[in-house]
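Enquirer: Handing over structure12.cif, mmCIF, C-alpha atoms and all ligand atoms.
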data_query
loop_
_atom_site.label_atom_id
_atom_site.label_comp_id
_atom_site.auth_asym_id
_atom_site.auth_seq_id
_atom_site.Cartn_x
_atom_site.Cartn_y
_atom_site.Cartn_z
CA MET A 1 -61.23 46.36 -15.51
CA ALA A 2 -57.49 46.76 -15.53
CA LEU A 3 -55.73 47.63 -18.75
CA GLU A 4 -55.20 44.44 -20.78
CA PRO A 5 -52.89 45.22 -23.71
CA SER A 6 -52.95 41.63 -24.99
CA ARG A 7 -56.66 42.10 -25.64
CA THR A 8 -55.79 44.90 -28.09
CA VAL A 9 -53.58 42.53 -30.06
CA ALA A 10 -56.31 39.88 -30.09
CA GLU A 11 -58.89 42.43 -31.24
CA LEU A 12 -56.63 43.69 -34.02
CA ARG A 13 -56.32 40.10 -35.27
CA GLU A 14 -60.09 39.73 -35.05
CA LEU A 15 -60.53 42.92 -37.12
CA GLN A 16 -58.07 41.64 -39.71
CA GLN A 17 -60.01 38.36 -39.93
CA LEU A 18 -63.23 40.27 -40.46
CA THR A 19 -62.04 42.90 -42.94
CA GLY A 20 -58.90 41.52 -44.55
CA ASP A 21 -57.96 38.73 -46.91
CA ASP A 22 -54.83 36.94 -48.13
CA ASP A 23 -53.62 40.17 -49.71
CA GLY A 24 -53.94 42.26 -46.54
CA ALA A 25 -56.36 44.74 -45.00
CA GLN A 26 -59.23 45.89 -47.25
CA ARG A 27 -60.82 48.60 -45.13
CA VAL A 28 -60.86 51.24 -47.87
CA ALA A 29 -62.97 54.22 -46.79
CA TRP A 30 -66.47 54.59 -48.31
CA THR A 31 -66.84 50.83 -48.93
CA ASP A 32 -68.93 48.09 -47.33
CA THR A 33 -65.84 46.57 -45.70
CA TRP A 34 -65.07 49.90 -44.08
CA GLU A 35 -68.64 50.08 -42.77
CA ARG A 36 -68.23 46.58 -41.38
CA ALA A 37 -65.09 47.71 -39.54
CA ARG A 38 -66.89 50.76 -38.15
CA ALA A 39 -69.79 48.66 -36.93
CA TRP A 40 -67.31 46.26 -35.33
CA LEU A 41 -65.65 49.18 -33.57
CA GLY A 42 -68.99 50.49 -32.34
CA GLU A 43 -69.87 47.08 -30.85
CA HIS A 44 -66.56 46.95 -29.00
CA VAL A 45 -66.86 50.46 -27.58
CA ALA A 46 -70.50 49.96 -26.58
CA GLN A 47 -69.44 47.93 -23.52
CA THR A 48 -67.73 51.01 -22.11
CA GLY A 49 -70.92 53.06 -22.11
CA ALA A 50 -69.30 55.73 -24.30
CA GLU A 51 -71.82 57.54 -26.48
CA GLU A 52 -71.44 56.99 -30.23
CA THR A 53 -72.09 59.72 -32.79
CA VAL A 54 -71.10 60.25 -36.42
CA ASP A 55 -70.36 63.81 -37.52
CA ALA A 56 -71.02 65.60 -40.80
CA ALA A 57 -67.76 64.35 -42.33
CA GLY A 58 -68.35 60.73 -41.37
CA ASN A 59 -65.99 60.74 -38.40
CA GLN A 60 -67.07 58.28 -35.73
CA TRP A 61 -66.91 59.64 -32.16
CA PHE A 62 -67.19 57.81 -28.84
CA THR A 63 -67.63 60.10 -25.87
CA LEU A 64 -67.16 59.29 -22.21
CA HIS A 65 -68.55 62.28 -20.38
CA GLY A 66 -66.28 63.49 -17.61
CA ARG A 67 -66.62 65.83 -14.66
CA SER A 68 -65.39 68.60 -16.94
CA ASP A 69 -66.61 69.30 -20.50
CA ARG A 70 -63.07 69.99 -21.63
CA ALA A 71 -62.19 67.02 -23.77
CA VAL A 72 -59.09 64.89 -24.23
CA LEU A 73 -59.24 63.27 -27.66
CA ILE A 74 -57.68 59.97 -28.67
CA GLY A 75 -57.63 59.47 -32.42
CA GLY A 76 -56.96 57.01 -35.19
CA HIS A 77 -58.39 55.74 -38.47
CA ILE A 78 -59.83 52.33 -39.17
CA ASP A 79 -59.62 52.78 -42.95
CA SER A 80 -56.71 51.19 -44.80
CA VAL A 81 -55.20 51.26 -48.24
CA PRO A 82 -56.16 48.29 -50.47
CA ASN A 83 -53.95 45.30 -49.57
CA GLY A 84 -52.82 47.26 -46.54
CA GLY A 85 -51.35 46.29 -43.20
CA TRP A 86 -53.25 45.19 -40.10
CA LEU A 87 -51.93 47.98 -37.85
CA ASP A 88 -51.83 51.27 -39.77
CA GLY A 89 -54.52 53.41 -38.17
CA ALA A 90 -56.33 50.46 -36.62
CA LEU A 91 -53.83 50.12 -33.76
CA ASN A 92 -54.59 53.71 -32.72
CA VAL A 93 -58.33 53.18 -32.42
CA VAL A 94 -58.26 49.67 -30.99
CA ALA A 95 -55.70 50.71 -28.35
CA GLY A 96 -57.98 53.69 -27.68
CA VAL A 97 -60.85 51.30 -26.96
CA GLU A 98 -58.73 49.59 -24.31
CA VAL A 99 -57.95 52.97 -22.70
CA LEU A 100 -61.68 53.85 -22.71
CA ARG A 101 -62.50 50.53 -21.04
CA ARG A 102 -59.98 51.15 -18.30
CA LEU A 103 -61.21 54.71 -17.76
CA ALA A 104 -64.91 53.75 -17.78
CA GLU A 105 -64.27 51.05 -15.20
CA GLU A 106 -62.74 53.59 -12.82
CA GLY A 107 -65.85 55.77 -12.83
CA GLN A 108 -66.39 59.20 -14.32
CA PRO A 109 -63.11 60.63 -15.64
CA ALA A 110 -61.97 64.10 -14.57
CA THR A 111 -62.36 65.39 -18.12
CA THR A 112 -64.45 64.24 -21.01
CA VAL A 113 -62.58 61.67 -23.10
CA ARG A 114 -63.44 61.13 -26.77
CA LEU A 115 -62.16 58.44 -29.08
CA VAL A 116 -62.38 59.45 -32.73
CA ASN A 117 -62.16 57.19 -35.75
CA TRP A 118 -61.37 59.67 -38.55
CA ALA A 119 -63.06 59.08 -41.90
CA ASP A 120 -60.84 58.38 -44.91
CA GLU A 121 -57.36 59.15 -43.60
CA GLU A 122 -55.75 57.25 -46.45
CA GLY A 123 -57.57 58.77 -49.41
CA ALA A 124 -57.14 55.41 -51.13
CA ARG A 125 -60.28 55.54 -53.27
CA PHE A 126 -60.31 59.19 -54.36
CA GLY A 127 -56.72 60.31 -53.77
CA ARG A 128 -57.61 62.83 -51.05
CA SER A 129 -55.97 62.01 -47.70
CA LEU A 130 -57.11 63.22 -44.26
CA PHE A 131 -60.69 63.83 -45.38
CA GLY A 132 -62.45 63.66 -42.03
CA SER A 133 -59.76 65.28 -39.93
CA SER A 134 -59.31 68.19 -42.33
CA ALA A 135 -63.08 68.80 -42.27
CA ALA A 136 -63.04 68.82 -38.47
CA ALA A 137 -59.96 71.02 -38.40
CA GLY A 138 -61.57 73.57 -40.69
CA SER A 139 -58.78 73.28 -43.23
CA MET A 140 -60.80 71.58 -45.97
CA ALA A 141 -60.87 74.22 -48.70
CA ASP A 142 -60.97 72.06 -51.81
CA GLN A 143 -64.68 71.16 -52.06
CA ASP A 144 -64.82 72.28 -55.70
CA GLU A 145 -61.95 70.03 -56.60
CA LEU A 146 -63.35 67.17 -54.50
CA ARG A 147 -66.71 67.48 -56.25
CA ALA A 148 -64.98 66.67 -59.56
CA ARG A 149 -63.09 63.64 -58.31
CA HIS A 150 -63.95 60.09 -59.41
CA ASP A 151 -62.73 56.71 -58.28
CA ALA A 152 -61.17 54.17 -60.69
CA ASP A 153 -64.66 52.98 -61.71
CA GLY A 154 -65.84 56.50 -62.51
CA VAL A 155 -67.99 56.91 -59.37
CA PRO A 156 -68.01 60.60 -58.37
CA LEU A 157 -66.76 61.32 -54.84
CA PRO A 158 -69.95 63.10 -53.70
CA ASP A 159 -72.05 60.06 -54.71
CA ALA A 160 -69.83 57.63 -52.83
CA LEU A 161 -69.93 59.82 -49.73
CA ARG A 162 -73.71 60.16 -49.94
CA ASP A 163 -73.99 56.35 -49.98
CA HIS A 164 -72.34 56.49 -46.56
CA GLY A 165 -74.44 59.31 -45.19
CA VAL A 166 -72.05 62.21 -45.84
CA GLU A 167 -72.90 65.32 -47.88
CA LEU A 168 -69.72 66.84 -49.24
CA ASP A 169 -71.07 70.38 -48.96
CA SER A 170 -71.85 70.10 -45.27
CA ALA A 171 -68.80 68.01 -44.29
CA ILE A 172 -67.10 71.08 -42.83
CA ASP A 173 -69.83 71.25 -40.21
CA ALA A 174 -67.66 68.63 -38.49
CA ARG A 175 -65.66 71.60 -37.34
CA SER A 176 -67.84 71.97 -34.25
CA GLN A 177 -66.39 68.69 -32.97
CA LEU A 178 -63.11 70.31 -31.99
CA GLU A 179 -64.78 73.00 -29.90
CA GLY A 180 -63.90 72.20 -26.31
CA ALA A 181 -61.04 69.91 -27.33
CA ALA A 182 -58.20 70.56 -24.88
CA ALA A 183 -55.70 67.99 -26.16
CA TYR A 184 -55.31 65.33 -28.83
CA VAL A 185 -53.17 62.21 -28.58
CA GLU A 186 -52.57 59.58 -31.24
CA LEU A 187 -50.60 56.36 -31.27
CA HIS A 188 -49.40 55.09 -34.63
CA ILE A 189 -46.95 52.60 -36.05
CA GLU A 190 -43.81 54.38 -37.20
CA GLN A 191 -44.04 53.12 -40.82
CA GLY A 192 -40.30 53.73 -41.10
CA PRO A 193 -37.08 52.05 -39.97
CA VAL A 194 -35.71 54.55 -37.40
CA LEU A 195 -36.87 53.01 -34.09
CA GLU A 196 -35.99 49.49 -35.21
CA ALA A 197 -32.48 50.61 -36.17
CA MET A 198 -32.10 52.16 -32.69
CA ASN A 199 -33.56 49.04 -31.08
CA LEU A 200 -36.24 51.10 -29.32
CA PRO A 201 -39.90 50.05 -29.05
CA LEU A 202 -41.38 53.54 -28.78
CA GLY A 203 -40.73 57.14 -29.72
CA VAL A 204 -42.32 60.55 -29.30
CA VAL A 205 -43.18 62.50 -32.43
CA LEU A 206 -42.07 66.13 -32.64
CA GLY A 207 -44.34 67.02 -35.53
CA THR A 208 -44.97 66.21 -39.14
CA PHE A 209 -42.74 67.21 -41.99
CA GLY A 210 -43.60 70.11 -44.21
CA VAL A 211 -44.02 68.92 -47.79
CA GLU A 212 -43.35 70.57 -51.14
CA ARG A 213 -44.66 68.58 -54.08
CA HIS A 214 -43.99 69.70 -57.64
CA ALA A 215 -44.24 68.50 -61.22
CA VAL A 216 -40.91 69.38 -62.82
CA THR A 217 -41.09 69.11 -66.60
CA PHE A 218 -38.03 69.10 -68.80
CA ARG A 219 -38.67 69.84 -72.49
CA GLY A 220 -36.26 68.95 -75.27
CA GLN A 221 -36.83 67.84 -78.84
CA ALA A 222 -38.04 64.47 -80.10
CA ALA A 223 -35.60 63.24 -82.73
CA HIS A 224 -34.81 59.95 -84.45
CA ALA A 225 -32.74 57.66 -82.25
CA GLY A 226 -30.74 56.47 -85.24
CA SER A 227 -30.07 59.66 -87.13
CA THR A 228 -29.44 62.21 -84.36
CA PRO A 229 -25.77 62.43 -83.30
CA MET A 230 -25.18 62.36 -79.55
CA ASP A 231 -23.83 65.91 -79.42
CA GLN A 232 -26.87 67.34 -81.20
CA ARG A 233 -29.60 66.02 -78.95
CA ARG A 234 -31.93 67.93 -76.68
CA ASP A 235 -32.76 65.02 -74.42
CA ALA A 236 -35.33 65.82 -71.72
CA LEU A 237 -34.65 62.56 -69.90
CA ALA A 238 -31.05 63.65 -69.31
CA GLY A 239 -32.47 66.57 -67.31
CA ALA A 240 -34.64 64.26 -65.22
CA ALA A 241 -31.75 61.87 -64.61
CA LYS A 242 -29.39 64.62 -63.47
CA LEU A 243 -32.03 66.20 -61.21
CA GLU A 244 -32.69 62.86 -59.53
CA LEU A 245 -29.04 62.54 -58.57
CA GLU A 246 -28.86 66.19 -57.50
CA ILE A 247 -31.79 66.03 -55.06
CA ARG A 248 -30.04 63.28 -53.12
CA GLU A 249 -27.13 65.66 -52.53
CA ILE A 250 -29.49 68.49 -51.59
CA ALA A 251 -31.15 66.32 -48.92
CA LYS A 252 -27.78 65.11 -47.65
CA ARG A 253 -26.41 68.66 -47.34
CA MET A 254 -29.52 69.87 -45.52
CA GLY A 255 -29.56 67.02 -42.97
CA GLY A 256 -31.97 66.99 -40.00
CA GLY A 257 -33.95 64.15 -41.54
CA ALA A 258 -34.43 65.92 -44.89
CA VAL A 259 -35.84 63.70 -47.64
CA CYS A 260 -36.24 64.35 -51.38
CA THR A 261 -37.81 61.89 -53.79
CA ILE A 262 -38.58 61.79 -57.47
CA GLY A 263 -41.35 59.22 -57.32
CA GLY A 264 -42.23 59.15 -60.99
CA VAL A 265 -41.00 60.20 -64.41
CA VAL A 266 -43.22 60.10 -67.47
CA THR A 267 -41.38 60.43 -70.78
CA LYS A 268 -42.84 61.30 -74.14
CA PRO A 269 -43.00 60.13 -76.80
CA GLY A 270 -41.79 57.17 -74.78
CA ILE A 271 -40.72 54.95 -77.67
CA VAL A 272 -37.41 53.26 -78.18
CA THR A 273 -36.72 54.99 -81.50
CA SER A 274 -36.95 58.58 -80.26
CA VAL A 275 -34.95 60.94 -78.07
CA VAL A 276 -37.19 62.00 -75.17
CA GLU A 277 -39.01 65.26 -75.82
CA THR A 278 -40.65 65.78 -72.43
CA ALA A 279 -39.84 64.23 -69.08
CA GLU A 280 -42.27 65.08 -66.30
CA CYS A 281 -40.83 64.33 -62.86
CA LEU A 282 -42.86 64.17 -59.65
CA LEU A 283 -40.73 65.69 -56.90
CA ASP A 284 -41.51 65.41 -53.19
CA GLN A 285 -39.40 67.25 -50.59
CA ARG A 286 -39.89 67.13 -46.81
CA HIS A 287 -38.41 68.72 -43.71
CA LEU A 288 -39.55 69.54 -40.17
CA ASP A 289 -38.04 73.04 -40.43
CA ALA A 290 -39.93 75.46 -42.71
CA ALA A 291 -36.86 77.54 -43.59
CA LYS A 292 -34.85 74.46 -44.47
CA LEU A 293 -37.68 73.10 -46.59
CA ALA A 294 -37.84 76.41 -48.46
CA SER A 295 -34.13 76.37 -49.16
CA MET A 296 -34.24 72.74 -50.35
CA LEU A 297 -36.90 73.81 -52.83
CA ALA A 298 -34.85 76.81 -53.93
CA GLU A 299 -31.77 74.63 -54.39
CA ALA A 300 -33.68 72.09 -56.47
CA LYS A 301 -35.06 74.86 -58.70
CA GLU A 302 -31.59 76.34 -59.08
CA ALA A 303 -30.14 72.93 -59.95
CA SER A 304 -32.87 72.25 -62.52
CA LYS A 305 -32.11 75.51 -64.31
CA ARG A 306 -28.39 74.77 -64.41
CA ILE A 307 -29.10 71.24 -65.69
CA ALA A 308 -31.48 72.57 -68.36
CA GLU A 309 -28.76 74.91 -69.59
CA GLU A 310 -26.18 72.11 -69.68
CA GLU A 311 -28.53 69.93 -71.72
CA ASN A 312 -29.91 72.70 -73.93
CA ILE A 313 -33.46 71.95 -72.80
CA ASP A 314 -36.16 73.89 -70.92
CA VAL A 315 -37.54 73.31 -67.48
CA GLU A 316 -40.85 74.30 -65.96
CA TRP A 317 -42.12 73.93 -62.39
CA GLN A 318 -45.68 73.47 -61.26
CA ARG A 319 -46.67 73.11 -57.62
CA ILE A 320 -48.93 70.13 -57.05
CA TRP A 321 -49.42 70.51 -53.31
CA ASN A 322 -47.66 71.76 -50.23
CA ILE A 323 -48.10 71.87 -46.48
CA GLU A 324 -46.07 73.61 -43.82
CA PRO A 325 -44.32 71.63 -41.08
CA ILE A 326 -46.64 71.13 -38.13
CA LEU A 327 -45.02 71.06 -34.71
CA PHE A 328 -46.59 69.24 -31.81
CA ASP A 329 -47.15 70.71 -28.34
CA GLU A 330 -44.05 71.07 -26.11
CA ARG A 331 -45.84 70.21 -22.87
CA LEU A 332 -47.52 67.15 -24.37
CA ILE A 333 -44.23 66.03 -25.91
CA GLU A 334 -42.79 66.03 -22.38
CA LEU A 335 -45.74 64.03 -21.02
CA ALA A 336 -45.43 61.57 -23.88
CA GLU A 337 -41.75 61.16 -23.14
CA GLU A 338 -42.53 60.44 -19.47
CA ALA A 339 -45.15 57.89 -20.48
CA VAL A 340 -42.75 56.14 -22.86
CA ASN A 341 -39.95 56.13 -20.31
CA GLU A 342 -42.24 54.57 -17.73
CA VAL A 343 -43.12 51.61 -19.93
CA ALA A 344 -39.97 51.19 -22.03
CA GLY A 345 -37.12 52.69 -19.99
CA THR A 346 -35.93 54.85 -22.88
CA SER A 347 -37.51 57.15 -25.37
CA HIS A 348 -36.50 58.96 -28.53
CA ARG A 349 -37.84 62.09 -30.21
CA LEU A 350 -38.33 61.90 -33.95
CA PRO A 351 -40.19 63.71 -36.73
CA SER A 352 -42.89 62.06 -38.79
CA GLY A 353 -42.35 61.79 -42.52
CA PRO A 354 -45.90 60.70 -43.32
CA LEU A 355 -48.79 63.05 -42.60
CA HIS A 356 -51.30 62.02 -40.00
CA ASP A 357 -54.71 63.14 -38.78
CA ALA A 358 -52.85 64.54 -35.76
CA ALA A 359 -51.29 67.16 -38.03
CA GLU A 360 -54.72 68.46 -39.01
CA VAL A 361 -55.84 68.62 -35.39
CA ALA A 362 -52.64 70.45 -34.39
CA ARG A 363 -53.15 72.85 -37.28
CA ALA A 364 -56.57 73.67 -35.84
CA GLY A 365 -54.85 74.86 -32.66
CA VAL A 366 -55.53 71.87 -30.41
CA PRO A 367 -52.40 70.88 -28.41
CA THR A 368 -51.36 67.59 -29.96
CA VAL A 369 -48.79 64.82 -29.65
CA MET A 370 -48.19 61.41 -31.19
CA LEU A 371 -46.47 58.22 -30.09
CA PHE A 372 -44.77 55.93 -32.57
CA VAL A 373 -44.26 52.24 -32.01
CA GLN A 374 -41.57 50.42 -33.92
CA SER A 375 -42.43 48.98 -37.34
CA LEU A 376 -40.61 45.82 -38.39
CA ARG A 377 -38.43 46.41 -41.47
CA GLY A 378 -40.00 49.86 -41.68
CA LEU A 379 -42.76 48.48 -43.90
CA SER A 380 -46.31 49.80 -44.14
CA HIS A 381 -49.12 50.01 -46.70
CA THR A 382 -48.46 46.33 -47.45
CA LYS A 383 -49.61 43.10 -45.87
CA LEU A 384 -45.99 42.66 -44.73
CA GLU A 385 -46.51 45.49 -42.24
CA ASP A 386 -45.87 44.18 -38.73
CA THR A 387 -44.82 45.04 -35.19
CA LYS A 388 -43.70 42.65 -32.44
CA GLU A 389 -46.56 41.75 -30.12
CA GLU A 390 -44.57 42.78 -27.06
CA HIS A 391 -44.08 46.21 -28.63
CA LEU A 392 -47.77 46.51 -29.46
CA GLU A 393 -48.57 45.77 -25.83
CA LEU A 394 -46.05 48.36 -24.63
CA SER A 395 -47.61 50.88 -26.99
CA VAL A 396 -51.06 50.34 -25.44
CA ARG A 397 -49.52 50.93 -22.00
CA ALA A 398 -47.77 54.07 -23.22
CA LEU A 399 -50.97 55.44 -24.78
CA ASP A 400 -52.81 54.73 -21.54
CA GLY A 401 -50.10 56.48 -19.51
CA LEU A 402 -50.13 59.45 -21.85
CA ALA A 403 -53.93 59.68 -21.73
CA THR A 404 -53.85 59.63 -17.93
CA LYS A 405 -51.21 62.35 -17.74
CA THR A 406 -53.03 64.46 -20.31
CA ILE A 407 -56.35 64.16 -18.47
CA ASP A 408 -54.59 65.25 -15.26
CA LEU A 409 -52.99 68.19 -17.03
CA VAL A 410 -56.25 69.34 -18.62
CA ALA A 411 -58.23 68.82 -15.40
CA SER A 412 -55.75 70.90 -13.41
CA GLY A 413 -55.48 73.64 -16.02
ZN ZN B 501 -52.19 55.71 -40.67
#
Would you encode the structure as structure tokens?

Expert:
Amino acid sequence: MALEPSRTVAELRELQQLTGDDDGAQRVAWTDTWERARAWLGEHVAQTGAEETVDAAGNQWFTLHGRSDRAVLIGGHIDSVPNGGWLDGALNVVAGVEVLRRLAEEGQPATTVRLVNWADEEGARFGRSLFGSSAAAGSMADQDELRARHDADGVPLPDALRDHGVELDSAIDARSQLEGAAAYVELHIEQGPVLEAMNLPLGVVLGTFGVERHAVTFRGQAAHAGSTPMDQRRDALAGAAKLELEIREIAKRMGGGAVCTIGGVVTKPGIVTSVVETAECLLDQRHLDAAKLASMLAEAKEASKRIAEEENIDVEWQRIWNIEPILFDERLIELAEEAVNEVAGTSHRLPSGPLHDAAEVARAGVPTVMLFVQSLRGLSHTKLEDTKEEHLELSVRALDGLATKTIDLVASG
């Protein structure tokens, strides 16, 4: 069976029919719709003869045994956010099925090839992204915190997982899955506007941004909006407003794709008749270079202190979460570039702003690379998410080319 990229597009539409509605994809992890999507995937892979297993974290594996036990992994996630797009995560796995079909048809591959559908990449129900891949990578260290999490209806995370056959406490046993993994490749939609602006269908991902996420709280004094003269106010919102403008300059000065965002500000007391007493800002900073990320954080802290002084208010920082930049494998980046050039004529190297399962696998020490295919209008996590069909087909060809080159590399090493 020769590679048939148009089949991938047809199957993605079939999956959307089965698990989506007028508002978009509804494959939220640990739900019945997600299970339906997983069963659908299993049925489609079954024709290839690949062996299906589910690990302790709920990750779904399809293994084509090769002449060597060293394994080349192809990964993705079939879960979506609520009202999500039809391609995010699903493209990776459905394109992977097409690659498995092509490989199975040609007889036993030189190395073992495993397609993995990671469990709960999005973290849409419980707010914890990369669940399955972090368990497999051995980097899941927050079981205590996860045990206390609830969804919007008050269902505890461990109960929801148990309904789907996963025990939180033994999820990290999934770690054994990466033993023998020689390489990991993942195709994903870009979810940003860079490739479209360059008029390129495909790009090679250098790594994922490091992230620093903080709650920055300015504290002033609540005071009557009518009786407090302008020059006697200690207005916490003024601190938040100035910091928001400052972080744009910090990102601009740093360059290299740096991004800084204040994604939320909560003000208290939050009524029209009072000066704002506290303004809690949620700050997110990202860069591919660890030193540059650290200096962006230092600059933002410095700026917040200066602003607090100017406004006669206080400022306090609390780290919410952080992750170091994760760089992909040099040799695999070269192979990916060759594969993209072969199908598209030109390639481009770019960092990934969003995190991906690939970052967890790379963090575990498995040589990793990702391909991005252009996203229209840069939109994702919405039903408006889309990619031209011709680009989707090219992306299947590029993934197939990359898988072939990676198998050759692993088999010869
Ligand atoms: Zn995704």

Enquirer: So what do you get for CA of His164 (chain A) versus CA of Leu15 (chain A), distance-wise?

Expert: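 The value is 20.3 Å.
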
Enquirer: Which of these, A:Leu146, A:Glu179, A:Thr382, A:Val99, has the shortest distance to Ser129 (chain A) once you count only C-alpha atoms?

Expert: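 Residue with the minimum atom-to-atom distance to Ser129 (chain A): A:Leu146.
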
Enquirer: What is the CA of Trp321 (chain A)-CA of Ala358 (chain A) distance in Å, reported with one decimal?

Expert: 18.9 Å

Enquirer: Compare A:Ile307, A:Val340, A:Ala294, A:Ala46 by their minimum atom-to-atom distance to Ile323 (chain A), counting only C-alpha atoms, and give me the closest one.

Expert: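 Checking each candidate against Ile323 (chain A), we get A:Ala294 as the closest.
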
Enquirer: Please report the interatomic distance between CA of Thr19 (chain A) and CA of Ala39 (chain A) in Å with one decimal.

Expert: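 That distance, rounded to one decimal, is 11.4 Å.
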
Enquirer: Return the padded bounding box of region 377-383 of chain A as AutoDock Vina command-line options: axis-aligned, built from all atoms listed in the file, 4 Å added on each side, with centre and edge lengths in Å to one decimal.

Expert:
--center_x -44.0 --center_y 46.6 --center_z -44.5 --size_x 19.2 --size_y 14.9 --size_z 14.0

Enquirer: With all atoms listed in the file counted, collect every polymer residue having an atom within 12 Å of ligand ZN 501 (chain B); state the result as a PyMOL selection string.

Expert: chain A and resi 75-81+84-93+117-124+129-130+186-191+352-359+370+372+380-381+385

Enquirer: Pull the closest atom pair for each residue of region 220-251 of chain A that gets at most 9 Å from region 263-272 of chain A, along with the distance in Å to one decimal, counting all atoms listed in the file, ordering rows by chain and then ascending residue number, as JSON lines.

Expert:
{"residue": "A:Ala222", "atom": "CA", "partner": "A:Pro269", "partner_atom": "CA", "distance": 7.4}
{"residue": "A:Ala225", "atom": "CA", "partner": "A:Val272", "partner_atom": "CA", "distance": 7.6}
{"residue": "A:Ala236", "atom": "CA", "partner": "A:Thr267", "partner_atom": "CA", "distance": 8.2}
{"residue": "A:Leu237", "atom": "CA", "partner": "A:Thr267", "partner_atom": "CA", "distance": 7.1}
{"residue": "A:Ala240", "atom": "CA", "partner": "A:Val265", "partner_atom": "CA", "distance": 7.6}

Enquirer: Given only C-alpha atoms, how would the per-residue table for region 313-381 of chain A near region 395-410 of chain A read, listing every residue at most 9 Å away with its closest atom pair and distance in Å to one decimal, sorted by chain and number, as a Markdown table?

Expert:
| residue | atom | partner | partner_atom | distance |
| --- | --- | --- | --- | --- |
| A:Leu332 | CA | A:Thr406 | CA | 7.4 |
| A:Leu335 | CA | A:Leu402 | CA | 6.4 |
| A:Ala336 | CA | A:Leu402 | CA | 5.5 |
| A:Glu337 | CA | A:Leu402 | CA | 8.6 |
| A:Glu338 | CA | A:Leu402 | CA | 8.0 |
| A:Ala339 | CA | A:Gly401 | CA | 5.2 |
| A:Val340 | CA | A:Ala398 | CA | 5.4 |
| A:Asn341 | CA | A:Ala398 | CA | 8.6 |
| A:Glu342 | CA | A:Ala398 | CA | 7.8 |
| A:Val343 | CA | A:Ala398 | CA | 6.2 |
| A:Ala344 | CA | A:Ala398 | CA | 8.4 |
| A:Leu371 | CA | A:Leu399 | CA | 7.5 |
| A:Phe372 | CA | A:Ser395 | CA | 8.0 |
| A:Val373 | CA | A:Ser395 | CA | 6.2 |

Enquirer: Report as a PDB file with C-alpha atoms, in the frame of the given file all protein, DNA and RNA residues lying within 9 Å of Pro82 (chain A), evaluated on only C-alpha atoms, omitting residues in the same chain fewer than 6 positions from it.

Expert:
ATOM      1  CA  ASP A  23     -53.620  40.170 -49.710  1.00  0.00           C
ATOM      2  CA  GLY A  24     -53.940  42.260 -46.540  1.00  0.00           C
ATOM      3  CA  ALA A  25     -56.360  44.740 -45.000  1.00  0.00           C
ATOM      4  CA  GLN A  26     -59.230  45.890 -47.250  1.00  0.00           C
ATOM      5  CA  ARG A  27     -60.820  48.600 -45.130  1.00  0.00           C
ATOM      6  CA  VAL A  28     -60.860  51.240 -47.870  1.00  0.00           C
ATOM      7  CA  ALA A 124     -57.140  55.410 -51.130  1.00  0.00           C
ATOM      8  CA  ARG A 125     -60.280  55.540 -53.270  1.00  0.00           C
ATOM      9  CA  HIS A 381     -49.120  50.010 -46.700  1.00  0.00           C
ATOM     10  CA  THR A 382     -48.460  46.330 -47.450  1.00  0.00           C
TER      11      THR A 382
END

Enquirer: Of the candidates A:Asn312, A:Gly226, A:Gly220, A:Gln232, which shows the shortest atom-to-atom distance to Glu277 (chain A), using all atoms listed in the file?

Expert: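 Nearest candidate to Glu277 (chain A) out of A:Asn312, A:Gly226, A:Gly220, A:Gln232: A:Gly220.
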